[in-house]
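**Student:** What follows is work_0.pdb, PDB, C-alpha atoms, pLDDT in the B column.
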MODEL        1
ATOM      1  CA  GLY A1063    -178.191-281.387  96.200  1.00 63.00           C
ATOM      2  CA  GLU A1064    -178.467-277.838  94.987  1.00 74.00           C
ATOM      3  CA  ASP A1065    -178.031-277.078  91.306  1.00 88.00           C
ATOM      4  CA  VAL A1066    -176.564-274.176  89.362  1.00 93.00           C
ATOM      5  CA  GLU A1067    -177.070-274.006  85.593  1.00 94.00           C
ATOM      6  CA  GLN A1068    -175.504-271.938  82.855  1.00 94.00           C
ATOM      7  CA  SER A1069    -175.513-272.006  79.071  1.00 90.00           C
ATOM      8  CA  LEU A1070    -172.309-273.453  77.677  1.00 91.00           C
ATOM      9  CA  PHE A1071    -171.276-270.912  75.083  1.00 95.00           C
ATOM     10  CA  LEU A1072    -171.677-267.243  74.146  1.00 97.00           C
ATOM     11  CA  SER A1073    -170.128-265.395  71.228  1.00 97.00           C
ATOM     12  CA  VAL A1074    -170.063-261.586  71.006  1.00 97.00           C
ATOM     13  CA  ARG A1075    -168.324-258.996  68.883  1.00 97.00           C
ATOM     14  CA  GLU A1076    -165.658-256.786  70.360  1.00 97.00           C
ATOM     15  CA  GLY A1077    -167.186-253.598  71.730  1.00 97.00           C
ATOM     16  CA  ASP A1078    -170.631-255.114  72.271  1.00 97.00           C
ATOM     17  CA  SER A1079    -172.091-255.978  75.667  1.00 97.00           C
ATOM     18  CA  SER A1080    -172.054-259.588  76.889  1.00 97.00           C
ATOM     19  CA  VAL A1081    -174.709-261.012  79.158  1.00 97.00           C
ATOM     20  CA  ILE A1082    -174.037-264.337  80.848  1.00 98.00           C
ATOM     21  CA  ASN A1083    -176.958-265.944  82.655  1.00 97.00           C
ATOM     22  CA  CYS A1084    -177.210-268.373  85.543  1.00 96.00           C
ATOM     23  CA  THR A1085    -180.082-270.034  87.377  1.00 96.00           C
ATOM     24  CA  TYR A1086    -179.910-271.761  90.738  1.00 94.00           C
ATOM     25  CA  THR A1087    -182.229-273.828  92.875  1.00 91.00           C
ATOM     26  CA  ASP A1088    -181.143-273.072  96.453  1.00 86.00           C
ATOM     27  CA  SER A1089    -183.777-270.796  97.957  1.00 83.00           C
ATOM     28  CA  SER A1090    -181.519-270.162 100.968  1.00 85.00           C
ATOM     29  CA  SER A1091    -178.590-268.778  98.943  1.00 86.00           C
ATOM     30  CA  THR A1092    -176.801-266.019 100.824  1.00 86.00           C
ATOM     31  CA  TYR A1093    -174.071-264.983  98.408  1.00 91.00           C
ATOM     32  CA  LEU A1094    -173.676-265.433  94.652  1.00 94.00           C
ATOM     33  CA  TYR A1095    -170.430-265.136  92.754  1.00 95.00           C
ATOM     34  CA  TRP A1096    -168.955-264.756  89.315  1.00 97.00           C
ATOM     35  CA  TYR A1097    -165.550-266.263  88.589  1.00 97.00           C
ATOM     36  CA  LYS A1098    -163.415-266.005  85.442  1.00 97.00           C
ATOM     37  CA  GLN A1099    -161.086-268.751  84.231  1.00 96.00           C
ATOM     38  CA  GLU A1100    -158.512-268.088  81.537  1.00 95.00           C
ATOM     39  CA  PRO A1101    -156.869-271.015  79.696  1.00 90.00           C
ATOM     40  CA  GLY A1102    -154.533-273.041  81.901  1.00 87.00           C
ATOM     41  CA  ALA A1103    -155.282-270.959  84.965  1.00 90.00           C
ATOM     42  CA  GLY A1104    -157.285-271.199  88.139  1.00 92.00           C
ATOM     43  CA  LEU A1105    -160.526-269.386  88.857  1.00 95.00           C
ATOM     44  CA  GLN A1106    -160.359-265.679  89.594  1.00 95.00           C
ATOM     45  CA  LEU A1107    -163.121-264.043  91.611  1.00 94.00           C
ATOM     46  CA  LEU A1108    -164.661-261.221  89.574  1.00 95.00           C
ATOM     47  CA  THR A1109    -167.444-260.066  91.838  1.00 95.00           C
ATOM     48  CA  TYR A1110    -170.061-261.245  94.285  1.00 93.00           C
ATOM     49  CA  ILE A1111    -173.480-260.084  95.413  1.00 94.00           C
ATOM     50  CA  PHE A1112    -175.309-260.543  98.660  1.00 91.00           C
ATOM     51  CA  SER A1113    -178.751-262.063  98.306  1.00 88.00           C
ATOM     52  CA  ASN A1114    -180.578-259.002  99.667  1.00 89.00           C
ATOM     53  CA  MET A1115    -179.244-256.875  96.793  1.00 90.00           C
ATOM     54  CA  ASP A1116    -180.652-256.820  93.285  1.00 93.00           C
ATOM     55  CA  MET A1117    -177.805-255.080  91.478  1.00 95.00           C
ATOM     56  CA  LYS A1118    -174.105-254.444  91.850  1.00 95.00           C
ATOM     57  CA  GLN A1119    -171.896-252.478  89.481  1.00 95.00           C
ATOM     58  CA  ASP A1120    -168.118-252.558  89.307  1.00 92.00           C
ATOM     59  CA  GLN A1121    -166.553-250.707  86.374  1.00 95.00           C
ATOM     60  CA  ARG A1122    -167.542-252.662  83.219  1.00 96.00           C
ATOM     61  CA  LEU A1123    -169.295-255.388  85.214  1.00 97.00           C
ATOM     62  CA  THR A1124    -172.944-255.299  86.258  1.00 97.00           C
ATOM     63  CA  VAL A1125    -174.502-258.111  88.267  1.00 97.00           C
ATOM     64  CA  LEU A1126    -178.271-258.448  88.378  1.00 97.00           C
ATOM     65  CA  LEU A1127    -180.026-260.745  90.825  1.00 96.00           C
ATOM     66  CA  ASN A1128    -183.669-261.770  90.616  1.00 95.00           C
ATOM     67  CA  LYS A1129    -184.118-263.696  93.829  1.00 92.00           C
ATOM     68  CA  LYS A1130    -187.752-264.548  93.134  1.00 92.00           C
ATOM     69  CA  ASP A1131    -186.815-266.330  89.894  1.00 94.00           C
ATOM     70  CA  LYS A1132    -183.405-267.473  91.246  1.00 94.00           C
ATOM     71  CA  HIS A1133    -181.717-265.872  88.258  1.00 96.00           C
ATOM     72  CA  LEU A1134    -178.312-264.199  88.221  1.00 96.00           C
ATOM     73  CA  SER A1135    -176.698-262.411  85.298  1.00 97.00           C
ATOM     74  CA  LEU A1136    -173.334-260.833  84.554  1.00 98.00           C
ATOM     75  CA  ARG A1137    -173.168-258.023  82.021  1.00 98.00           C
ATOM     76  CA  ILE A1138    -169.805-257.013  80.612  1.00 97.00           C
ATOM     77  CA  ALA A1139    -169.887-253.656  78.876  1.00 97.00           C
ATOM     78  CA  ASP A1140    -167.616-252.901  75.919  1.00 97.00           C
ATOM     79  CA  THR A1141    -166.405-256.499  75.709  1.00 98.00           C
ATOM     80  CA  GLN A1142    -162.747-256.878  74.777  1.00 97.00           C
ATOM     81  CA  THR A1143    -160.751-259.829  73.425  1.00 95.00           C
ATOM     82  CA  GLY A1144    -159.141-260.123  76.856  1.00 95.00           C
ATOM     83  CA  ASP A1145    -162.567-260.996  78.247  1.00 97.00           C
ATOM     84  CA  SER A1146    -162.504-264.299  76.331  1.00 97.00           C
ATOM     85  CA  ALA A1147    -162.598-266.951  79.057  1.00 97.00           C
ATOM     86  CA  ILE A1148    -164.891-269.336  80.894  1.00 96.00           C
ATOM     87  CA  TYR A1149    -167.206-267.664  83.398  1.00 98.00           C
ATOM     88  CA  PHE A1150    -168.539-269.595  86.373  1.00 97.00           C
ATOM     89  CA  CYS A1151    -171.514-268.725  88.478  1.00 96.00           C
ATOM     90  CA  ALA A1152    -171.470-270.016  92.075  1.00 94.00           C
ATOM     91  CA  GLU A1153    -173.784-269.824  95.037  1.00 92.00           C
ATOM     92  CA  LYS A1154    -173.337-270.194  98.775  1.00 90.00           C
ATOM     93  CA  GLY A1155    -176.181-271.582 100.801  1.00 80.00           C
ATOM     94  CA  ALA A1156    -177.433-270.755 104.242  1.00 72.00           C
ATOM     95  CA  ALA A1157    -175.116-268.957 106.608  1.00 60.00           C
ATOM     96  CA  GLY A1158    -172.805-271.132 108.625  1.00 58.00           C
ATOM     97  CA  THR A1159    -169.448-272.788 108.407  1.00 50.00           C
ATOM     98  CA  ALA A1160    -170.862-275.934 106.809  1.00 57.00           C
ATOM     99  CA  SER A1161    -171.940-274.096 103.678  1.00 64.00           C
ATOM    100  CA  LYS A1162    -169.759-274.528 100.602  1.00 83.00           C
ATOM    101  CA  LEU A1163    -169.878-272.998  97.153  1.00 89.00           C
ATOM    102  CA  THR A1164    -171.774-274.807  94.424  1.00 90.00           C
ATOM    103  CA  PHE A1165    -170.562-274.002  90.913  1.00 93.00           C
ATOM    104  CA  GLY A1166    -172.278-274.015  87.556  1.00 93.00           C
ATOM    105  CA  THR A1167    -170.821-275.753  84.517  1.00 93.00           C
ATOM    106  CA  GLY A1168    -169.318-272.531  83.163  1.00 94.00           C
ATOM    107  CA  THR A1169    -170.059-270.386  80.093  1.00 96.00           C
ATOM    108  CA  ARG A1170    -167.336-270.033  77.507  1.00 96.00           C
ATOM    109  CA  LEU A1171    -167.289-266.459  76.196  1.00 97.00           C
ATOM    110  CA  GLN A1172    -165.766-265.973  72.773  1.00 97.00           C
ATOM    111  CA  VAL A1173    -165.058-262.420  71.657  1.00 97.00           C
ATOM    112  CA  THR A1174    -164.727-261.920  67.907  1.00 95.00           C
ATOM    113  CA  LEU A1175    -163.231-258.974  66.040  1.00 91.00           C
TER     114      LEU A1175
ATOM    115  CA  ASP B1216    -152.367-267.035  92.788  1.00 49.00           C
ATOM    116  CA  ALA B1217    -150.179-265.501  95.379  1.00 63.00           C
ATOM    117  CA  GLY B1218    -150.573-267.244  98.707  1.00 92.00           C
ATOM    118  CA  ILE B1219    -151.680-270.617  97.359  1.00 96.00           C
ATOM    119  CA  THR B1220    -149.621-273.070  95.341  1.00 96.00           C
ATOM    120  CA  GLN B1221    -150.377-276.524  94.019  1.00 97.00           C
ATOM    121  CA  SER B1222    -147.880-279.218  93.144  1.00 97.00           C
ATOM    122  CA  PRO B1223    -147.247-280.838  90.819  1.00 97.00           C
ATOM    123  CA  ARG B1224    -148.756-278.764  87.976  1.00 96.00           C
ATOM    124  CA  HIS B1225    -148.912-281.784  85.675  1.00 97.00           C
ATOM    125  CA  LYS B1226    -148.735-285.499  86.342  1.00 97.00           C
ATOM    126  CA  VAL B1227    -149.179-288.651  84.309  1.00 97.00           C
ATOM    127  CA  THR B1228    -149.612-291.858  86.270  1.00 97.00           C
ATOM    128  CA  GLU B1229    -150.615-295.439  85.645  1.00 97.00           C
ATOM    129  CA  THR B1230    -153.873-297.043  86.656  1.00 97.00           C
ATOM    130  CA  GLY B1231    -153.668-298.579  90.113  1.00 97.00           C
ATOM    131  CA  THR B1232    -150.865-296.417  91.453  1.00 97.00           C
ATOM    132  CA  PRO B1233    -151.271-294.082  94.430  1.00 96.00           C
ATOM    133  CA  VAL B1234    -151.005-290.356  93.757  1.00 97.00           C
ATOM    134  CA  THR B1235    -150.755-287.436  96.163  1.00 98.00           C
ATOM    135  CA  LEU B1236    -151.433-283.840  95.211  1.00 98.00           C
ATOM    136  CA  ARG B1237    -150.326-281.017  97.464  1.00 98.00           C
ATOM    137  CA  CYS B1238    -151.865-277.655  98.221  1.00 98.00           C
ATOM    138  CA  HIS B1239    -149.847-275.121 100.193  1.00 98.00           C
ATOM    139  CA  GLN B1240    -151.086-271.756 101.463  1.00 97.00           C
ATOM    140  CA  THR B1241    -149.364-268.870 103.164  1.00 96.00           C
ATOM    141  CA  GLU B1242    -152.543-266.968 104.099  1.00 93.00           C
ATOM    142  CA  ASN B1243    -153.198-268.812 107.376  1.00 93.00           C
ATOM    143  CA  HIS B1244    -156.784-269.449 106.245  1.00 93.00           C
ATOM    144  CA  ARG B1245    -158.773-271.982 108.185  1.00 91.00           C
ATOM    145  CA  TYR B1246    -160.746-273.458 105.279  1.00 92.00           C
ATOM    146  CA  MET B1247    -159.272-275.420 102.386  1.00 94.00           C
ATOM    147  CA  TYR B1248    -161.043-277.273  99.577  1.00 95.00           C
ATOM    148  CA  TRP B1249    -160.285-279.708  96.794  1.00 97.00           C
ATOM    149  CA  TYR B1250    -162.343-279.533  93.597  1.00 97.00           C
ATOM    150  CA  ARG B1251    -162.120-281.366  90.324  1.00 97.00           C
ATOM    151  CA  GLN B1252    -163.008-279.766  87.012  1.00 96.00           C
ATOM    152  CA  ASP B1253    -164.396-281.823  84.149  1.00 93.00           C
ATOM    153  CA  PRO B1254    -166.060-280.729  80.893  1.00 86.00           C
ATOM    154  CA  GLY B1255    -169.810-280.501  81.306  1.00 83.00           C
ATOM    155  CA  HIS B1256    -169.613-280.745  85.097  1.00 86.00           C
ATOM    156  CA  GLY B1257    -168.034-277.490  86.147  1.00 88.00           C
ATOM    157  CA  LEU B1258    -166.309-277.768  89.510  1.00 93.00           C
ATOM    158  CA  ARG B1259    -167.278-280.482  91.945  1.00 93.00           C
ATOM    159  CA  LEU B1260    -166.199-280.595  95.567  1.00 94.00           C
ATOM    160  CA  ILE B1261    -164.146-283.636  96.570  1.00 96.00           C
ATOM    161  CA  HIS B1262    -163.185-282.918 100.192  1.00 96.00           C
ATOM    162  CA  TYR B1263    -162.740-279.902 102.372  1.00 94.00           C
ATOM    163  CA  SER B1264    -161.082-278.997 105.663  1.00 94.00           C
ATOM    164  CA  TYR B1265    -162.153-276.584 108.352  1.00 90.00           C
ATOM    165  CA  GLY B1266    -159.036-276.878 110.470  1.00 91.00           C
ATOM    166  CA  VAL B1267    -156.024-279.040 111.270  1.00 94.00           C
ATOM    167  CA  LYS B1268    -157.132-282.672 111.292  1.00 93.00           C
ATOM    168  CA  ASP B1269    -160.734-281.587 110.595  1.00 93.00           C
ATOM    169  CA  THR B1270    -161.936-282.744 107.184  1.00 95.00           C
ATOM    170  CA  ASP B1271    -165.182-283.763 105.564  1.00 93.00           C
ATOM    171  CA  LYS B1272    -166.451-285.264 102.330  1.00 94.00           C
ATOM    172  CA  GLY B1273    -167.794-283.394  99.358  1.00 92.00           C
ATOM    173  CA  GLU B1274    -170.101-284.624  96.598  1.00 90.00           C
ATOM    174  CA  VAL B1275    -167.514-286.758  94.730  1.00 95.00           C
ATOM    175  CA  SER B1276    -165.289-288.149  97.502  1.00 96.00           C
ATOM    176  CA  ASP B1277    -165.234-291.843  96.493  1.00 96.00           C
ATOM    177  CA  GLY B1278    -161.684-292.949  95.692  1.00 96.00           C
ATOM    178  CA  TYR B1279    -160.090-289.946  97.382  1.00 98.00           C
ATOM    179  CA  SER B1280    -158.710-289.245 100.827  1.00 97.00           C
ATOM    180  CA  VAL B1281    -157.275-286.084 102.359  1.00 98.00           C
ATOM    181  CA  SER B1282    -155.076-285.072 105.216  1.00 97.00           C
ATOM    182  CA  ARG B1283    -154.325-281.811 106.939  1.00 97.00           C
ATOM    183  CA  SER B1284    -151.626-282.022 109.584  1.00 96.00           C
ATOM    184  CA  LYS B1285    -150.668-278.345 109.353  1.00 96.00           C
ATOM    185  CA  THR B1286    -152.697-275.215 108.661  1.00 95.00           C
ATOM    186  CA  GLU B1287    -150.759-274.494 105.487  1.00 97.00           C
ATOM    187  CA  ASP B1288    -150.911-277.909 103.791  1.00 97.00           C
ATOM    188  CA  PHE B1289    -153.854-279.908 102.452  1.00 98.00           C
ATOM    189  CA  LEU B1290    -153.044-283.165 100.688  1.00 98.00           C
ATOM    190  CA  LEU B1291    -155.313-285.062  98.308  1.00 98.00           C
ATOM    191  CA  THR B1292    -154.535-288.752  97.778  1.00 98.00           C
ATOM    192  CA  LEU B1293    -155.874-291.064  95.120  1.00 97.00           C
ATOM    193  CA  GLU B1294    -155.337-294.426  96.772  1.00 93.00           C
ATOM    194  CA  SER B1295    -155.430-296.401  93.503  1.00 96.00           C
ATOM    195  CA  ALA B1296    -155.791-294.134  90.486  1.00 97.00           C
ATOM    196  CA  THR B1297    -158.386-294.942  87.822  1.00 97.00           C
ATOM    197  CA  SER B1298    -158.923-293.441  84.369  1.00 97.00           C
ATOM    198  CA  SER B1299    -162.122-291.764  85.619  1.00 96.00           C
ATOM    199  CA  GLN B1300    -159.933-289.667  87.904  1.00 98.00           C
ATOM    200  CA  THR B1301    -158.223-288.021  84.942  1.00 98.00           C
ATOM    201  CA  SER B1302    -159.115-284.404  85.565  1.00 97.00           C
ATOM    202  CA  VAL B1303    -157.895-280.981  86.555  1.00 97.00           C
ATOM    203  CA  TYR B1304    -157.745-280.604  90.318  1.00 98.00           C
ATOM    204  CA  PHE B1305    -158.061-277.258  92.025  1.00 97.00           C
ATOM    205  CA  CYS B1306    -157.351-276.328  95.585  1.00 97.00           C
ATOM    206  CA  ALA B1307    -159.067-273.318  97.140  1.00 95.00           C
ATOM    207  CA  ILE B1308    -158.844-271.470 100.431  1.00 95.00           C
ATOM    208  CA  SER B1309    -161.140-269.155 102.314  1.00 91.00           C
ATOM    209  CA  SER B1310    -161.129-267.223 105.509  1.00 82.00           C
ATOM    210  CA  ARG B1311    -163.740-267.925 108.156  1.00 73.00           C
ATOM    211  CA  ASP B1312    -167.036-268.805 106.457  1.00 70.00           C
ATOM    212  CA  GLY B1313    -165.999-267.940 102.911  1.00 74.00           C
ATOM    213  CA  ASN B1314    -168.680-265.340 102.339  1.00 78.00           C
ATOM    214  CA  TYR B1315    -166.357-263.237 100.225  1.00 81.00           C
ATOM    215  CA  GLY B1316    -165.430-266.099  97.949  1.00 87.00           C
ATOM    216  CA  TYR B1317    -162.599-268.544  97.617  1.00 91.00           C
ATOM    217  CA  THR B1318    -159.067-268.045  96.305  1.00 93.00           C
ATOM    218  CA  PHE B1319    -158.028-270.772  93.893  1.00 95.00           C
ATOM    219  CA  GLY B1320    -154.696-272.292  93.054  1.00 95.00           C
ATOM    220  CA  SER B1321    -153.518-272.739  89.470  1.00 94.00           C
ATOM    221  CA  GLY B1322    -154.548-276.378  89.308  1.00 96.00           C
ATOM    222  CA  THR B1323    -152.965-279.789  88.751  1.00 97.00           C
ATOM    223  CA  ARG B1324    -153.663-281.588  85.494  1.00 97.00           C
ATOM    224  CA  LEU B1325    -153.680-285.319  86.254  1.00 98.00           C
ATOM    225  CA  THR B1326    -153.772-287.969  83.540  1.00 97.00           C
ATOM    226  CA  VAL B1327    -154.283-291.607  84.488  1.00 97.00           C
ATOM    227  CA  VAL B1328    -153.265-294.005  81.711  1.00 96.00           C
TER     228      VAL B1328
ENDMDL
END
Would you give me this structure, written as structure tokens?
**Tutor:**
Amino acid sequence: GEDVEQSLFLSVREGDSSVINCTYTDSSSTYLYWYKQEPGAGLQLLTYIFSNMDMKQDQRLTVLLNKKDKHLSLRIADTQTGDSAIYFCAEKGAAGTASKLTFGTGTRLQVTL
Amino acid sequence: DAGITQSPRHKVTETGTPVTLRCHQTENHRYMYWYRQDPGHGLRLIHYSYGVKDTDKGEVSDGYSVSRSKTEDFLLTLESATSSQTSVYFCAISSRDGNYGYTFGSGTRLTVV
């Protein structure tokens, strides 16, 4: 099956930028997503990008997509302690109702003072 | 999340007993999914449904069954619970083909002793 990989842990200082990276193997990916999970909670959709785009910005969040290298990144500007959470990358394969999301293992972001 | 609830939130059960987890939605979405979350594995799809009485297997379906007799309810049953099924279970819903992401419930933490 298709694979999505992320590094397990990232630590940044408050006020710095965070960059969380993700690689995937599905060359037919149509949409890619970033989800945030706070302790004891479900996953919250942060943003998504269509595969024919290479960048999407939404307030402090910037998503970069390199389709050739199958690499997705999430940049959080001015990282705050409230950004501490697990971040999941996910991809959706070829268009059609049979296509489900495949998730990465998640990156735990720790924000230090 | 508003519109999707899971019950129970926590459960401890003994090996060999049957267990049923419930997912209820008020969004009238066609698609519903059950995932399990385990450290080092991210989220893995167990089963999904694309309509009443229409279900299919995901990547880790062994030992699980599902039923969907109404649009709003999707039940996950562990026929005979094993310790390897100790996990956090998440239900998710999506409209149509899910291009704009899934909405997740708050999860059920299941411990099999």
**Student:** Give me the residues near range 1301-1308 of chain B as a PyMOL selection string, where near means some atom within 7 Å (using only C-alpha atoms) and where sequence neighbours in that chain fewer than 3 positions away do not count.
**Tutor:** chain B and resi 1238+1244+1246-1253+1298+1317-1327
**Student:** Have a look at CA of Gly1102 in chain A and CA of Phe1150 in chain A and let me know their distance in Å, one decimal.
**Tutor:**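 If I compute the distance from CA of Gly1102 in chain A to CA of Phe1150 in chain A, I get 15.1 Å.
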**Student:** Using only C-alpha atoms, find the residues of chain A whose closest atom to chain B is at most 10 Å away, then write them as JSON, numbers by chain.
**Tutor:** {"A": [1063, 1066, 1067, 1068, 1070, 1092, 1093, 1094, 1095, 1096, 1097, 1102, 1103, 1104, 1105, 1106, 1107, 1108, 1109, 1110, 1111, 1112, 1150, 1151, 1152, 1153, 1154, 1155, 1157, 1158, 1159, 1160, 1161, 1162, 1163, 1164, 1165, 1166, 1167, 1168, 1169]}
**Student:** Now that the selection is made, can you save its residues with C-alpha atoms as a short mmCIF file (atom, residue, chain, number, x, y, z; two decimals), in the frame of the given file?
**Tutor:**
data_model
loop_
_atom_site.label_atom_id
_atom_site.label_comp_id
_atom_site.auth_asym_id
_atom_site.auth_seq_id
_atom_site.Cartn_x
_atom_site.Cartn_y
_atom_site.Cartn_z
CA GLY A 1063 -178.19 -281.39 96.20
CA VAL A 1066 -176.56 -274.18 89.36
CA GLU A 1067 -177.07 -274.01 85.59
CA GLN A 1068 -175.50 -271.94 82.86
CA LEU A 1070 -172.31 -273.45 77.68
CA THR A 1092 -176.80 -266.02 100.82
CA TYR A 1093 -174.07 -264.98 98.41
CA LEU A 1094 -173.68 -265.43 94.65
CA TYR A 1095 -170.43 -265.14 92.75
CA TRP A 1096 -168.96 -264.76 89.32
CA TYR A 1097 -165.55 -266.26 88.59
CA GLY A 1102 -154.53 -273.04 81.90
CA ALA A 1103 -155.28 -270.96 84.96
CA GLY A 1104 -157.28 -271.20 88.14
CA LEU A 1105 -160.53 -269.39 88.86
CA GLN A 1106 -160.36 -265.68 89.59
CA LEU A 1107 -163.12 -264.04 91.61
CA LEU A 1108 -164.66 -261.22 89.57
CA THR A 1109 -167.44 -260.07 91.84
CA TYR A 1110 -170.06 -261.24 94.28
CA ILE A 1111 -173.48 -260.08 95.41
CA PHE A 1112 -175.31 -260.54 98.66
CA PHE A 1150 -168.54 -269.60 86.37
CA CYS A 1151 -171.51 -268.73 88.48
CA ALA A 1152 -171.47 -270.02 92.08
CA GLU A 1153 -173.78 -269.82 95.04
CA LYS A 1154 -173.34 -270.19 98.78
CA GLY A 1155 -176.18 -271.58 100.80
CA ALA A 1157 -175.12 -268.96 106.61
CA GLY A 1158 -172.80 -271.13 108.62
CA THR A 1159 -169.45 -272.79 108.41
CA ALA A 1160 -170.86 -275.93 106.81
CA SER A 1161 -171.94 -274.10 103.68
CA LYS A 1162 -169.76 -274.53 100.60
CA LEU A 1163 -169.88 -273.00 97.15
CA THR A 1164 -171.77 -274.81 94.42
CA PHE A 1165 -170.56 -274.00 90.91
CA GLY A 1166 -172.28 -274.02 87.56
CA THR A 1167 -170.82 -275.75 84.52
CA GLY A 1168 -169.32 -272.53 83.16
CA THR A 1169 -170.06 -270.39 80.09
#
**Student:** Suppose a student applies the PyMOL selection byres ((chain A and resi 1075) around 6) to this structure; what residues should they get, written as a VMD selection string?
**Tutor:** chain A and resid 1074 1076 1078 1173 to 1175
**Student:** Restricting the output to C-alpha atoms, write the selected residues as an mmCIF file, in the frame of the given file.
**Tutor:**
data_model
loop_
_atom_site.group_PDB
_atom_site.id
_atom_site.type_symbol
_atom_site.label_atom_id
_atom_site.label_comp_id
_atom_site.auth_asym_id
_atom_site.auth_seq_id
_atom_site.Cartn_x
_atom_site.Cartn_y
_atom_site.Cartn_z
ATOM 1 C CA VAL A 1074 -170.063 -261.586 71.006
ATOM 2 C CA GLU A 1076 -165.658 -256.786 70.360
ATOM 3 C CA ASP A 1078 -170.631 -255.114 72.271
ATOM 4 C CA VAL A 1173 -165.058 -262.420 71.657
ATOM 5 C CA THR A 1174 -164.727 -261.920 67.907
ATOM 6 C CA LEU A 1175 -163.231 -258.974 66.040
#
**Student:** Which distance in Å separates CA of Arg1170 in chain A and CA of Ser1299 in chain B, to one decimal?
**Tutor:**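 So the answer is 23.8 Å.
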**Student:** Restricting the calculation to all atoms listed in the file, which member of A:Ser1089, A:Ser1069, A:Asn1114, A:Ser1135 is positioned closest to Ala1156 in chain A?
**Tutor:** A:Ser1089
**Student:** For Ala1139 in chain A, list every protein, DNA or RNA residue within 7 Å, evaluated using all atoms listed in the file, and leave out those in the same chain fewer than 3 positions away; present the list as a PDB file with C-alpha atoms, keeping the file's coordinate frame.
**Tutor:**
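Output file around13.pdb follows:
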ATOM      1  CA  ASP A1078    -170.631-255.114  72.271  1.00 97.00           C
ATOM      2  CA  SER A1079    -172.091-255.978  75.667  1.00 97.00           C
ATOM      3  CA  SER A1080    -172.054-259.588  76.889  1.00 97.00           C
ATOM      4  CA  ARG A1122    -167.542-252.662  83.219  1.00 96.00           C
ATOM      5  CA  LEU A1123    -169.295-255.388  85.214  1.00 97.00           C
TER       6      LEU A1123
END
**Student:** Pick out the residues sitting within 7 Å of Gly1231 in chain B, and hand them over as a list in words; count all atoms listed in the file, and ignore anything fewer than 2 positions along from it in its own chain.
**Tutor:**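 Answer for this query is Glu1229, Pro1233, Ser1295, Ala1296 and Thr1297 of chain B.
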**Student:** Have range 1075-1079 of chain A completed to all heavy atoms, please, and pass it along as a PDB file, keeping the file's coordinate frame.
**Tutor:**
ATOM      1  N   ARG A1075    -169.322-259.791  69.612  1.00 97.00           N
ATOM      2  CA  ARG A1075    -168.324-258.996  68.883  1.00 97.00           C
ATOM      3  C   ARG A1075    -167.659-258.009  69.832  1.00 97.00           C
ATOM      4  O   ARG A1075    -168.270-257.499  70.771  1.00 97.00           O
ATOM      5  CB  ARG A1075    -168.990-258.254  67.734  1.00 97.00           C
ATOM      6  CG  ARG A1075    -169.563-259.178  66.665  1.00 97.00           C
ATOM      7  CD  ARG A1075    -170.311-258.367  65.623  1.00 97.00           C
ATOM      8  NE  ARG A1075    -169.401-257.587  64.784  1.00 97.00           N
ATOM      9  CZ  ARG A1075    -168.998-257.963  63.573  1.00 97.00           C
ATOM     10  NH1 ARG A1075    -169.423-259.104  63.063  1.00 97.00           N
ATOM     11  NH2 ARG A1075    -168.190-257.213  62.860  1.00 97.00           N
ATOM     12  N   GLU A1076    -166.401-257.739  69.555  1.00 97.00           N
ATOM     13  CA  GLU A1076    -165.658-256.786  70.360  1.00 97.00           C
ATOM     14  C   GLU A1076    -166.384-255.449  70.386  1.00 97.00           C
ATOM     15  O   GLU A1076    -166.853-254.968  69.349  1.00 97.00           O
ATOM     16  CB  GLU A1076    -164.241-256.606  69.797  1.00 97.00           C
ATOM     17  CG  GLU A1076    -163.331-255.783  70.686  1.00 97.00           C
ATOM     18  CD  GLU A1076    -161.921-255.669  70.124  1.00 97.00           C
ATOM     19  OE1 GLU A1076    -161.782-255.506  68.896  1.00 97.00           O
ATOM     20  OE2 GLU A1076    -160.959-255.747  70.911  1.00 97.00           O
ATOM     21  N   GLY A1077    -166.500-254.874  71.577  1.00 97.00           N
ATOM     22  CA  GLY A1077    -167.186-253.598  71.730  1.00 97.00           C
ATOM     23  C   GLY A1077    -168.639-253.715  72.119  1.00 97.00           C
ATOM     24  O   GLY A1077    -169.221-252.767  72.654  1.00 97.00           O
ATOM     25  N   ASP A1078    -169.239-254.885  71.858  1.00 97.00           N
ATOM     26  CA  ASP A1078    -170.631-255.114  72.271  1.00 97.00           C
ATOM     27  C   ASP A1078    -170.683-255.469  73.753  1.00 97.00           C
ATOM     28  O   ASP A1078    -169.658-255.706  74.396  1.00 97.00           O
ATOM     29  CB  ASP A1078    -171.244-256.248  71.456  1.00 97.00           C
ATOM     30  CG  ASP A1078    -171.512-255.851  70.013  1.00 97.00           C
ATOM     31  OD1 ASP A1078    -171.394-254.646  69.700  1.00 97.00           O
ATOM     32  OD2 ASP A1078    -171.825-256.750  69.203  1.00 97.00           O
ATOM     33  N   SER A1079    -171.904-255.507  74.296  1.00 97.00           N
ATOM     34  CA  SER A1079    -172.091-255.978  75.667  1.00 97.00           C
ATOM     35  C   SER A1079    -172.324-257.487  75.661  1.00 97.00           C
ATOM     36  O   SER A1079    -172.946-258.019  74.745  1.00 97.00           O
ATOM     37  CB  SER A1079    -173.296-255.292  76.313  1.00 97.00           C
ATOM     38  OG  SER A1079    -173.040-253.927  76.510  1.00 97.00           O
TER      39      SER A1079
END
